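Peer 1: My structure file input13.pdb, PDB, C-alpha atoms, is below:
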ATOM      1  CA  MET A1303      28.635 135.102  46.767  1.00  0.00           C
ATOM      2  CA  PRO A1304      25.326 134.928  48.659  1.00  0.00           C
ATOM      3  CA  ASP A1305      24.884 136.539  52.041  1.00  0.00           C
ATOM      4  CA  PHE A1306      25.166 133.442  54.217  1.00  0.00           C
ATOM      5  CA  GLY A1307      23.913 135.361  57.234  1.00  0.00           C
ATOM      6  CA  GLU A1308      20.471 135.918  55.687  1.00  0.00           C
ATOM      7  CA  CYS A1309      19.382 132.303  56.199  1.00  0.00           C
ATOM      8  CA  CYS A1310      20.282 131.931  59.894  1.00  0.00           C
ATOM      9  CA  SER A1311      20.356 133.724  63.223  1.00  0.00           C
ATOM     10  CA  ASP A1312      24.157 133.914  63.362  1.00  0.00           C
ATOM     11  CA  PHE A1313      26.830 133.097  60.796  1.00  0.00           C
ATOM     12  CA  TYR A1314      30.492 132.729  61.698  1.00  0.00           C
ATOM     13  CA  ILE A1315      33.779 131.662  60.188  1.00  0.00           C
ATOM     14  CA  ASN A1316      36.272 129.974  62.503  1.00  0.00           C
ATOM     15  CA  GLN A1317      39.773 128.708  61.912  1.00  0.00           C
ATOM     16  CA  LYS A1318      41.959 126.242  63.792  1.00  0.00           C
ATOM     17  CA  LEU A1319      45.660 125.534  63.378  1.00  0.00           C
ATOM     18  CA  ALA A1320      46.250 122.285  65.258  1.00  0.00           C
ATOM     19  CA  LEU A1321      49.783 121.377  66.320  1.00  0.00           C
ATOM     20  CA  LYS A1322      51.515 118.223  67.471  1.00  0.00           C
ATOM     21  CA  MET A1323      53.729 119.820  70.115  1.00  0.00           C
ATOM     22  CA  ASP A1324      52.830 122.114  72.993  1.00  0.00           C
ATOM     23  CA  LEU A1325      52.928 125.849  72.449  1.00  0.00           C
ATOM     24  CA  PRO A1326      54.907 128.069  74.833  1.00  0.00           C
ATOM     25  CA  GLU A1327      52.758 129.126  77.788  1.00  0.00           C
ATOM     26  CA  GLY A1328      54.861 131.980  79.196  1.00  0.00           C
ATOM     27  CA  ARG A1329      53.594 135.518  79.504  1.00  0.00           C
ATOM     28  CA  GLU A1330      56.044 136.851  76.944  1.00  0.00           C
ATOM     29  CA  ALA A1331      54.997 134.527  74.111  1.00  0.00           C
ATOM     30  CA  VAL A1332      51.270 135.089  74.669  1.00  0.00           C
ATOM     31  CA  LEU A1333      51.470 138.853  75.109  1.00  0.00           C
ATOM     32  CA  ASP A1334      53.862 139.389  72.200  1.00  0.00           C
ATOM     33  CA  LEU A1335      51.552 137.559  69.817  1.00  0.00           C
ATOM     34  CA  PHE A1336      48.405 139.244  71.081  1.00  0.00           C
ATOM     35  CA  ASP A1337      50.040 142.696  70.992  1.00  0.00           C
ATOM     36  CA  ARG A1338      50.951 142.062  67.367  1.00  0.00           C
ATOM     37  CA  LEU A1339      47.357 141.110  66.544  1.00  0.00           C
ATOM     38  CA  ARG A1340      46.002 144.190  68.328  1.00  0.00           C
ATOM     39  CA  ARG A1341      48.296 146.489  66.341  1.00  0.00           C
ATOM     40  CA  SER A1342      46.739 145.213  63.122  1.00  0.00           C
ATOM     41  CA  ILE A1343      43.172 144.880  64.443  1.00  0.00           C
ATOM     42  CA  PRO A1344      42.719 147.484  67.236  1.00  0.00           C
ATOM     43  CA  GLU A1345      39.254 146.212  68.174  1.00  0.00           C
ATOM     44  CA  LEU A1346      40.893 143.067  69.581  1.00  0.00           C
ATOM     45  CA  ASP A1347      41.555 144.725  72.918  1.00  0.00           C
ATOM     46  CA  ARG A1348      40.241 142.361  75.608  1.00  0.00           C
ATOM     47  CA  LEU A1349      42.530 139.710  77.021  1.00  0.00           C
ATOM     48  CA  ARG A1350      40.731 136.890  78.806  1.00  0.00           C
ATOM     49  CA  ARG A1351      41.843 133.698  80.484  1.00  0.00           C
ATOM     50  CA  TYR A1352      39.658 130.603  80.379  1.00  0.00           C
ATOM     51  CA  ASP A1353      40.265 127.032  81.479  1.00  0.00           C
ATOM     52  CA  GLY A1354      43.241 125.974  79.370  1.00  0.00           C
ATOM     53  CA  GLU A1355      42.974 128.947  77.023  1.00  0.00           C
ATOM     54  CA  PHE A1356      44.100 132.544  76.571  1.00  0.00           C
ATOM     55  CA  ALA A1357      41.825 134.627  74.344  1.00  0.00           C
ATOM     56  CA  LEU A1358      41.954 138.057  72.753  1.00  0.00           C
ATOM     57  CA  GLU A1359      38.476 139.376  71.981  1.00  0.00           C
ATOM     58  CA  SER A1360      36.694 142.371  70.567  1.00  0.00           C
ATOM     59  CA  PRO A1361      33.577 143.927  72.121  1.00  0.00           C
ATOM     60  CA  GLU A1362      30.278 142.765  70.638  1.00  0.00           C
ATOM     61  CA  ARG A1363      28.466 145.299  68.477  1.00  0.00           C
ATOM     62  CA  ASP A1364      25.237 144.457  66.656  1.00  0.00           C
ATOM     63  CA  ARG A1365      25.894 140.717  67.189  1.00  0.00           C
ATOM     64  CA  ARG A1366      29.311 141.016  65.531  1.00  0.00           C
ATOM     65  CA  TYR A1367      32.581 140.222  67.297  1.00  0.00           C
ATOM     66  CA  ARG A1368      36.001 138.719  66.593  1.00  0.00           C
ATOM     67  CA  TRP A1369      38.382 136.653  68.664  1.00  0.00           C
ATOM     68  CA  ALA A1370      41.674 134.759  68.695  1.00  0.00           C
ATOM     69  CA  ALA A1371      42.718 132.116  71.221  1.00  0.00           C
ATOM     70  CA  MET A1372      45.663 129.938  72.210  1.00  0.00           C
ATOM     71  CA  ARG A1373      45.384 126.478  73.729  1.00  0.00           C
ATOM     72  CA  ARG A1374      48.085 123.972  74.528  1.00  0.00           C
ATOM     73  CA  THR A1375      48.290 122.537  71.008  1.00  0.00           C
ATOM     74  CA  SER A1376      46.225 124.875  68.851  1.00  0.00           C
ATOM     75  CA  ILE A1377      45.623 128.438  67.759  1.00  0.00           C
ATOM     76  CA  ARG A1378      42.046 129.372  66.902  1.00  0.00           C
ATOM     77  CA  SER A1379      40.275 132.448  65.619  1.00  0.00           C
ATOM     78  CA  GLY A1380      36.758 133.458  64.665  1.00  0.00           C
ATOM     79  CA  ASP A1381      34.594 136.198  63.221  1.00  0.00           C
ATOM     80  CA  VAL A1382      30.901 136.176  64.153  1.00  0.00           C
ATOM     81  CA  ASN A1383      28.470 137.819  61.722  1.00  0.00           C
ATOM     82  CA  PRO A1384      31.173 139.390  59.535  1.00  0.00           C
ATOM     83  CA  ASP A1385      30.077 142.070  57.090  1.00  0.00           C
ATOM     84  CA  ARG A1386      31.993 140.289  54.329  1.00  0.00           C
ATOM     85  CA  LEU A1387      33.687 136.917  54.003  1.00  0.00           C
ATOM     86  CA  GLU A1388      36.918 138.748  53.299  1.00  0.00           C
ATOM     87  CA  ASP A1389      36.775 140.467  56.697  1.00  0.00           C
ATOM     88  CA  ALA A1390      36.908 137.084  58.422  1.00  0.00           C
ATOM     89  CA  TYR A1391      39.568 135.815  56.042  1.00  0.00           C
ATOM     90  CA  ASP A1392      41.768 138.818  56.870  1.00  0.00           C
ATOM     91  CA  LEU A1393      41.786 137.878  60.560  1.00  0.00           C
ATOM     92  CA  HIS A1394      42.609 134.250  59.842  1.00  0.00           C
ATOM     93  CA  ARG A1395      45.344 135.150  57.346  1.00  0.00           C
ATOM     94  CA  LEU A1396      46.938 137.430  59.935  1.00  0.00           C
ATOM     95  CA  ILE A1397      47.021 134.585  62.479  1.00  0.00           C
ATOM     96  CA  LEU A1398      48.638 132.256  59.954  1.00  0.00           C
ATOM     97  CA  GLU A1399      51.161 134.900  58.974  1.00  0.00           C
ATOM     98  CA  VAL A1400      52.430 135.948  62.385  1.00  0.00           C
ATOM     99  CA  ALA A1401      51.810 133.022  64.759  1.00  0.00           C
ATOM    100  CA  PRO A1402      54.519 130.701  63.369  1.00  0.00           C
ATOM    101  CA  TYR A1403      57.201 133.312  63.991  1.00  0.00           C
ATOM    102  CA  TYR A1404      56.038 134.446  67.432  1.00  0.00           C
ATOM    103  CA  LEU A1405      55.496 130.868  68.622  1.00  0.00           C
ATOM    104  CA  SER A1406      58.307 129.064  66.770  1.00  0.00           C
ATOM    105  CA  ILE A1407      55.973 126.780  64.812  1.00  0.00           C
ATOM    106  CA  SER A1408      57.714 124.426  62.395  1.00  0.00           C
ATOM    107  CA  PRO A1409      56.104 122.928  59.256  1.00  0.00           C
ATOM    108  CA  LEU A1410      56.644 119.479  60.798  1.00  0.00           C
ATOM    109  CA  ASP A1411      54.642 120.576  63.835  1.00  0.00           C
ATOM    110  CA  ILE A1412      51.433 121.250  61.905  1.00  0.00           C
ATOM    111  CA  ASP A1413      48.823 118.551  62.439  1.00  0.00           C
ATOM    112  CA  TYR A1414      46.058 120.166  60.402  1.00  0.00           C
ATOM    113  CA  LEU A1415      44.514 123.461  59.363  1.00  0.00           C
ATOM    114  CA  GLU A1416      40.741 123.743  59.281  1.00  0.00           C
ATOM    115  CA  LEU A1417      38.165 126.332  58.334  1.00  0.00           C
ATOM    116  CA  VAL A1418      34.604 126.178  59.700  1.00  0.00           C
ATOM    117  CA  PHE A1419      31.497 127.866  58.355  1.00  0.00           C
ATOM    118  CA  GLY A1420      28.918 127.867  61.148  1.00  0.00           C
ATOM    119  CA  PHE A1421      25.186 128.569  60.847  1.00  0.00           C
ATOM    120  CA  ASP A1422      23.111 128.979  64.036  1.00  0.00           C
ATOM    121  CA  LEU A1423      19.324 128.756  63.874  1.00  0.00           C
ATOM    122  CA  GLU A1424      17.459 129.758  67.028  1.00  0.00           C
ATOM    123  CA  ALA A1425      14.831 127.240  68.083  1.00  0.00           C
ATOM    124  CA  GLU A1426      13.020 127.280  71.439  1.00  0.00           C
ATOM    125  CA  THR A1427      11.533 123.825  70.959  1.00  0.00           C
ATOM    126  CA  ASN A1428      12.679 120.186  70.803  1.00  0.00           C
ATOM    127  CA  ARG A1429      15.668 120.760  68.549  1.00  0.00           C
ATOM    128  CA  ASP A1430      16.340 117.061  67.947  1.00  0.00           C
ATOM    129  CA  GLU A1431      12.774 116.634  66.749  1.00  0.00           C
ATOM    130  CA  VAL A1432      13.195 119.606  64.405  1.00  0.00           C
ATOM    131  CA  VAL A1433      16.361 118.117  62.896  1.00  0.00           C
ATOM    132  CA  PHE A1434      14.685 114.749  62.432  1.00  0.00           C
ATOM    133  CA  GLU A1435      11.627 116.274  60.762  1.00  0.00           C
ATOM    134  CA  ALA A1436      13.753 118.414  58.474  1.00  0.00           C
ATOM    135  CA  LEU A1437      16.267 115.782  57.366  1.00  0.00           C
ATOM    136  CA  PHE A1438      14.855 112.299  57.959  1.00  0.00           C
ATOM    137  CA  ALA A1439      11.041 112.364  58.079  1.00  0.00           C
ATOM    138  CA  ASP A1440      10.655 111.514  54.370  1.00  0.00           C
ATOM    139  CA  GLY A1441      13.277 108.767  54.321  1.00  0.00           C
ATOM    140  CA  PRO A1442      13.655 105.202  55.611  1.00  0.00           C
ATOM    141  CA  LEU A1443      14.987 106.384  58.974  1.00  0.00           C
ATOM    142  CA  ALA A1444      11.543 107.775  59.759  1.00  0.00           C
ATOM    143  CA  SER A1445      10.366 104.228  60.523  1.00  0.00           C
ATOM    144  CA  LEU A1446      12.696 104.106  63.536  1.00  0.00           C
ATOM    145  CA  VAL A1447      10.521 106.567  65.417  1.00  0.00           C
ATOM    146  CA  ASP A1448       6.884 106.594  66.433  1.00  0.00           C
ATOM    147  CA  ALA A1449       6.248 110.301  66.006  1.00  0.00           C
ATOM    148  CA  GLY A1450       3.025 110.085  68.021  1.00  0.00           C
ATOM    149  CA  SER A1451       4.564 108.793  71.246  1.00  0.00           C
ATOM    150  CA  ASP A1452       8.384 108.814  71.161  1.00  0.00           C
ATOM    151  CA  ARG A1453      10.323 111.713  72.616  1.00  0.00           C
ATOM    152  CA  PHE A1454      13.421 112.727  70.722  1.00  0.00           C
ATOM    153  CA  LEU A1455      16.651 112.736  72.723  1.00  0.00           C
ATOM    154  CA  ASP A1456      19.343 112.919  70.062  1.00  0.00           C
ATOM    155  CA  CYS A1457      19.508 113.612  66.343  1.00  0.00           C
ATOM    156  CA  GLN A1458      22.870 115.044  65.343  1.00  0.00           C
ATOM    157  CA  PRO A1459      23.983 113.715  61.961  1.00  0.00           C
ATOM    158  CA  ILE A1460      27.553 114.075  60.703  1.00  0.00           C
ATOM    159  CA  VAL A1461      28.928 113.124  57.287  1.00  0.00           C
ATOM    160  CA  GLY A1462      32.561 113.284  56.191  1.00  0.00           C
ATOM    161  CA  ILE A1463      33.971 113.124  52.670  1.00  0.00           C
ATOM    162  CA  ALA A1464      37.415 113.293  51.068  1.00  0.00           C
ATOM    163  CA  LEU A1465      38.098 116.140  48.666  1.00  0.00           C
ATOM    164  CA  ASN A1466      41.209 114.612  47.092  1.00  0.00           C
ATOM    165  CA  ASP A1467      42.620 111.182  46.277  1.00  0.00           C
ATOM    166  CA  ALA A1468      45.089 111.278  49.185  1.00  0.00           C
ATOM    167  CA  CYS A1469      42.174 111.842  51.604  1.00  0.00           C
ATOM    168  CA  ASP A1470      44.180 114.455  53.510  1.00  0.00           C
ATOM    169  CA  LEU A1471      41.782 117.188  52.365  1.00  0.00           C
ATOM    170  CA  GLN A1472      38.424 116.549  53.984  1.00  0.00           C
ATOM    171  CA  ALA A1473      34.978 118.060  54.423  1.00  0.00           C
ATOM    172  CA  PHE A1474      32.562 117.375  57.273  1.00  0.00           C
ATOM    173  CA  PHE A1475      28.873 118.271  57.407  1.00  0.00           C
ATOM    174  CA  GLU A1476      27.532 118.298  60.960  1.00  0.00           C
ATOM    175  CA  VAL A1477      24.313 119.262  62.713  1.00  0.00           C
ATOM    176  CA  ARG A1478      24.427 119.869  66.468  1.00  0.00           C
ATOM    177  CA  SER A1479      21.135 120.129  68.366  1.00  0.00           C
ATOM    178  CA  ARG A1480      22.276 120.617  71.992  1.00  0.00           C
ATOM    179  CA  GLY A1481      19.239 118.726  73.273  1.00  0.00           C
ATOM    180  CA  SER A1482      18.997 116.981  76.638  1.00  0.00           C
ATOM    181  CA  ALA A1483      16.897 114.338  78.367  1.00  0.00           C
ATOM    182  CA  SER A1484      15.791 116.837  81.020  1.00  0.00           C
ATOM    183  CA  GLU A1485      14.371 119.141  78.350  1.00  0.00           C
ATOM    184  CA  ALA A1486      12.543 116.260  76.663  1.00  0.00           C
ATOM    185  CA  SER A1487      11.063 115.047  79.959  1.00  0.00           C
ATOM    186  CA  THR A1488       9.778 118.450  81.075  1.00  0.00           C
ATOM    187  CA  GLY A1489       8.872 119.875  77.691  1.00  0.00           C
ATOM    188  CA  GLU A1490      10.692 123.084  78.617  1.00  0.00           C
ATOM    189  CA  PHE A1491      13.362 123.903  76.065  1.00  0.00           C
ATOM    190  CA  ALA A1492      16.136 126.443  76.505  1.00  0.00           C
ATOM    191  CA  PRO A1493      16.575 129.063  73.766  1.00  0.00           C
ATOM    192  CA  GLU A1494      19.594 127.284  72.296  1.00  0.00           C
ATOM    193  CA  PRO A1495      20.357 127.255  68.577  1.00  0.00           C
ATOM    194  CA  ILE A1496      20.603 124.361  66.184  1.00  0.00           C
ATOM    195  CA  SER A1497      24.067 124.647  64.665  1.00  0.00           C
ATOM    196  CA  VAL A1498      25.075 123.522  61.206  1.00  0.00           C
ATOM    197  CA  TYR A1499      28.817 123.202  60.677  1.00  0.00           C
ATOM    198  CA  LEU A1500      30.784 122.861  57.471  1.00  0.00           C
ATOM    199  CA  THR A1501      34.386 121.979  58.302  1.00  0.00           C
ATOM    200  CA  ILE A1502      37.122 121.886  55.651  1.00  0.00           C
ATOM    201  CA  ARG A1503      40.323 120.319  56.981  1.00  0.00           C
ATOM    202  CA  ARG A1504      43.775 119.899  55.456  1.00  0.00           C
ATOM    203  CA  HIS A1505      46.100 117.532  57.283  1.00  0.00           C
ATOM    204  CA  GLY A1506      49.850 118.061  57.484  1.00  0.00           C
ATOM    205  CA  PRO A1507      52.724 117.868  57.539  1.00  0.00           C
ATOM    206  CA  ILE A1508      53.605 120.553  55.046  1.00  0.00           C
ATOM    207  CA  ALA A1509      56.957 121.192  53.404  1.00  0.00           C
ATOM    208  CA  SER A1510      57.225 124.912  54.119  1.00  0.00           C
ATOM    209  CA  LEU A1511      55.412 127.685  55.944  1.00  0.00           C
ATOM    210  CA  LYS A1512      55.192 129.417  52.559  1.00  0.00           C
ATOM    211  CA  GLU A1513      52.558 126.859  51.574  1.00  0.00           C
ATOM    212  CA  ILE A1514      50.111 128.018  54.249  1.00  0.00           C
ATOM    213  CA  PRO A1515      48.542 130.934  52.292  1.00  0.00           C
ATOM    214  CA  THR A1516      47.851 128.641  49.343  1.00  0.00           C
ATOM    215  CA  ILE A1517      46.384 125.952  51.593  1.00  0.00           C
ATOM    216  CA  PHE A1518      44.180 128.533  53.311  1.00  0.00           C
ATOM    217  CA  ALA A1519      42.941 129.904  49.984  1.00  0.00           C
ATOM    218  CA  GLY A1520      42.006 126.384  48.950  1.00  0.00           C
ATOM    219  CA  LEU A1521      40.046 125.846  52.158  1.00  0.00           C
ATOM    220  CA  CYS A1522      38.138 129.074  51.554  1.00  0.00           C
ATOM    221  CA  GLY A1523      37.252 128.069  48.007  1.00  0.00           C
ATOM    222  CA  HIS A1524      35.967 124.647  49.031  1.00  0.00           C
ATOM    223  CA  ALA A1525      34.005 126.118  51.956  1.00  0.00           C
ATOM    224  CA  GLU A1526      32.263 128.731  49.833  1.00  0.00           C
ATOM    225  CA  ARG A1527      31.370 126.234  47.115  1.00  0.00           C
ATOM    226  CA  LEU A1528      30.077 123.543  49.457  1.00  0.00           C
ATOM    227  CA  ALA A1529      28.188 126.027  51.620  1.00  0.00           C
ATOM    228  CA  GLU A1530      26.365 127.509  48.649  1.00  0.00           C
ATOM    229  CA  ASN A1531      25.695 124.293  46.732  1.00  0.00           C
ATOM    230  CA  ARG A1532      25.155 121.736  49.492  1.00  0.00           C
ATOM    231  CA  VAL A1533      24.961 123.012  53.058  1.00  0.00           C
ATOM    232  CA  ILE A1534      22.457 125.838  52.657  1.00  0.00           C
ATOM    233  CA  PRO A1535      19.961 124.095  50.341  1.00  0.00           C
ATOM    234  CA  ASN A1536      20.202 120.644  51.961  1.00  0.00           C
ATOM    235  CA  LEU A1537      20.738 121.414  55.656  1.00  0.00           C
ATOM    236  CA  VAL A1538      20.220 125.044  56.646  1.00  0.00           C
ATOM    237  CA  LEU A1539      17.066 125.847  54.683  1.00  0.00           C
ATOM    238  CA  PRO A1540      15.200 122.596  55.520  1.00  0.00           C
ATOM    239  CA  ILE A1541      15.946 123.076  59.228  1.00  0.00           C
ATOM    240  CA  ARG A1542      14.917 126.729  59.032  1.00  0.00           C
ATOM    241  CA  HIS A1543      11.657 125.746  57.329  1.00  0.00           C
ATOM    242  CA  ALA A1544      10.973 123.092  59.994  1.00  0.00           C
ATOM    243  CA  ILE A1545      11.495 125.655  62.758  1.00  0.00           C
ATOM    244  CA  LEU A1546       9.211 128.257  61.151  1.00  0.00           C
ATOM    245  CA  SER A1547       6.486 125.723  60.405  1.00  0.00           C
ATOM    246  CA  ARG A1548       6.119 124.602  64.025  1.00  0.00           C
ATOM    247  CA  PRO A1549       3.212 126.048  66.053  1.00  0.00           C
TER     248      PRO A1549
END
Please render this file's structure as structure tokens.
Peer 2:
Amino acid sequence: MPDFGECCSDFYINQKLALKMDLPEGREAVLDLFDRLRRSIPELDRLRRYDGEFALESPERDRRYRWAAMRRTSIRSGDVNPDRLEDAYDLHRLILEVAPYYLSISPLDIDYLELVFGFDLEAETNRDEVVFEALFADGPLASLVDAGSDRFLDCQPIVGIALNDACDLQAFFEVRSRGSASEASTGEFAPEPISVYLTIRRHGPIASLKEIPTIFAGLCGHAERLAENRVIPNLVLPIRHAILSRP
């Protein structure tokens, strides 16, 4: 597999297990799960509380860090700039293995499982304009904009497709620019990245918790294939070229 991190500023692999019913919020449930994760991955040693979320995080070293988090109806995890894809997969597999038993998750409770490949490209310029130039300037949508006078406020395309006949296995291609009207009016742009997301999502319910490893492996396979064959050549590299070609 290619090194996905070579074509962007930051590359990360996130996972989300979305549930239909609320998770337990007591100290015991949260701490028992996080202690179990820390025993397997000692670097996850920082417990933090955010608005509506408990998170277990590792320290950041050379732009690499890992995290796991609980919200009211979801469990999420992520690995930023992993050395190998398998390193990120190991964290996500561990979550899927232990969380159902520590949090009493039933197969009927599972709304969906998703895997996200994220590519951040740093751009201290009008990010919406960059996205438009990279993806739309040579197509019919270019006629919507007068490039000489119009100021770009929003250009964040998203496309979703089904990966099976039942349409419960889905892929989404999304570009997020994080632009704002205040930036466009002043011409002063914050050093925010343009993010390209590939999301592979499998909706439930599932028959048994034993199916989860197979479902996860399928998500990984689809993500790797689509990232290599579609996302990088058709989204990441054109945006990267547009950023580098600007004065």
Peer 1: Using the chain letters and numbers from this file, what does the PyMOL selection byres ((chain A and resi 1488-1501) around 7) select? Give the answer as JSON, numbers by chain.
Peer 2: {"A": [1416, 1417, 1418, 1419, 1420, 1421, 1422, 1423, 1424, 1425, 1426, 1427, 1428, 1429, 1473, 1474, 1475, 1476, 1477, 1478, 1479, 1484, 1485, 1486, 1487, 1502, 1503, 1538]}
Peer 1: Out of A:Arg1504, A:Cys1309, A:Met1372, A:Glu1388, which residue has the shortest atom-to-atom distance to A:Leu1539 when counting all atoms listed in the file?
Peer 2: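 Nearest to A:Leu1539: A:Cys1309.
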Peer 1: Where's the centre, and what are the edge lengths in Å to one decimal, of a box along x, y and z enclosing all listed atoms of stretch 1392-1404 of chain A padded 8 Å per side, as lines of an AutoDock Vina configuration file?
Peer 2:
center_x = 49.5
center_y = 134.8
center_z = 62.2
size_x = 31.4
size_y = 24.1
size_z = 26.6
Peer 1: With all atoms listed in the file as the atoms that count, which of A:Asp1440, A:Arg1368, A:Ala1357, A:Tyr1391 lies nearest to A:Leu1521?
Peer 2: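 For A:Leu1521, the nearest of the given residues is A:Tyr1391.
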Peer 1: Please, what distance in Å, to one decimal, runs between atom CA of A:Asp1347 and atom CA of A:Asn1316?
Peer 2: 18.8 Å
Peer 1: Residues within 6 Å of A:Leu1346, please, as a list of chain:residue names. Count only C-alpha atoms; anything in the same chain fewer than 4 positions from it doesn't count.
Peer 2: A:Arg1340, A:Glu1359, A:Ser1360
Peer 1: Quick one: apply the PyMOL selection byres ((chain A and resi 1530) around 12) to the file and drop the selected residues here as a short mmCIF file (atom, residue, chain, number, x, y, z; two decimals) with C-alpha atoms, keeping the file's coordinate frame.
Peer 2:
data_model
loop_
_atom_site.label_atom_id
_atom_site.label_comp_id
_atom_site.auth_asym_id
_atom_site.auth_seq_id
_atom_site.Cartn_x
_atom_site.Cartn_y
_atom_site.Cartn_z
CA MET A 1303 28.64 135.10 46.77
CA PRO A 1304 25.33 134.93 48.66
CA ASP A 1305 24.88 136.54 52.04
CA PHE A 1306 25.17 133.44 54.22
CA GLY A 1307 23.91 135.36 57.23
CA CYS A 1309 19.38 132.30 56.20
CA PHE A 1419 31.50 127.87 58.36
CA LEU A 1500 30.78 122.86 57.47
CA GLY A 1523 37.25 128.07 48.01
CA HIS A 1524 35.97 124.65 49.03
CA ALA A 1525 34.01 126.12 51.96
CA GLU A 1526 32.26 128.73 49.83
CA ARG A 1527 31.37 126.23 47.12
CA LEU A 1528 30.08 123.54 49.46
CA ALA A 1529 28.19 126.03 51.62
CA ASN A 1531 25.70 124.29 46.73
CA ARG A 1532 25.16 121.74 49.49
CA VAL A 1533 24.96 123.01 53.06
CA ILE A 1534 22.46 125.84 52.66
CA PRO A 1535 19.96 124.10 50.34
CA ASN A 1536 20.20 120.64 51.96
CA LEU A 1537 20.74 121.41 55.66
CA VAL A 1538 20.22 125.04 56.65
CA LEU A 1539 17.07 125.85 54.68
#
Peer 1: Pull the neighbourhood of (25.5, 141.0, 65.7) for me: all residues within 8 Å in file coordinates, counting all atoms listed in the file, as a ChimeraX atom specification.
Peer 2: /A:1312,1362-1367,1382-1383
Peer 1: Which protein, DNA or RNA residues are at most 7 Å from (43.7, 135.2, 66.0) in the file's coordinates when you count all atoms listed in the file, listed as a list in words?
Peer 2: Leu1339, Trp1369, Ala1370, Ala1371, Arg1378, Ser1379, Leu1393, His1394 and Ile1397 of chain A
Peer 1: Evaluating the PyMOL selection byres ((chain A and resi 1407) around 12) on the displayed file yields which residues, as an MDAnalysis selection string?
Peer 2: chainID A and resid 1319:1326 1375:1377 1398:1406 1408:1413 1507:1508 1510:1511
Peer 1: Under the rule that all atoms listed in the file are counted, which of A:Leu1437, A:Leu1358, A:Ser1451, A:Ala1390 is the nearest residue to A:Pro1540?
Peer 2: A:Leu1437
Peer 1: Grab the atom CA of A:Asp1381 to atom CA of A:Pro1515 distance for me, in Å with one decimal place.
Peer 2: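 That distance, rounded to one decimal, is 18.5 Å.
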Peer 1: Nearest residue to A:Ile1545 out of A:Asp1467, A:Asp1430, A:Glu1327, A:Asp1452, using all atoms listed in the file?
Peer 2: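 Under the stated criterion, the closest residue is A:Asp1430.
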Peer 1: Could you pull the residues within 12 Å of A:Ala1468, counting all atoms listed in the file, minus those fewer than 3 positions along the same chain, as a VMD selection string?
Peer 2: chain A and resid 1463 to 1465 1471 to 1472 1504 to 1506
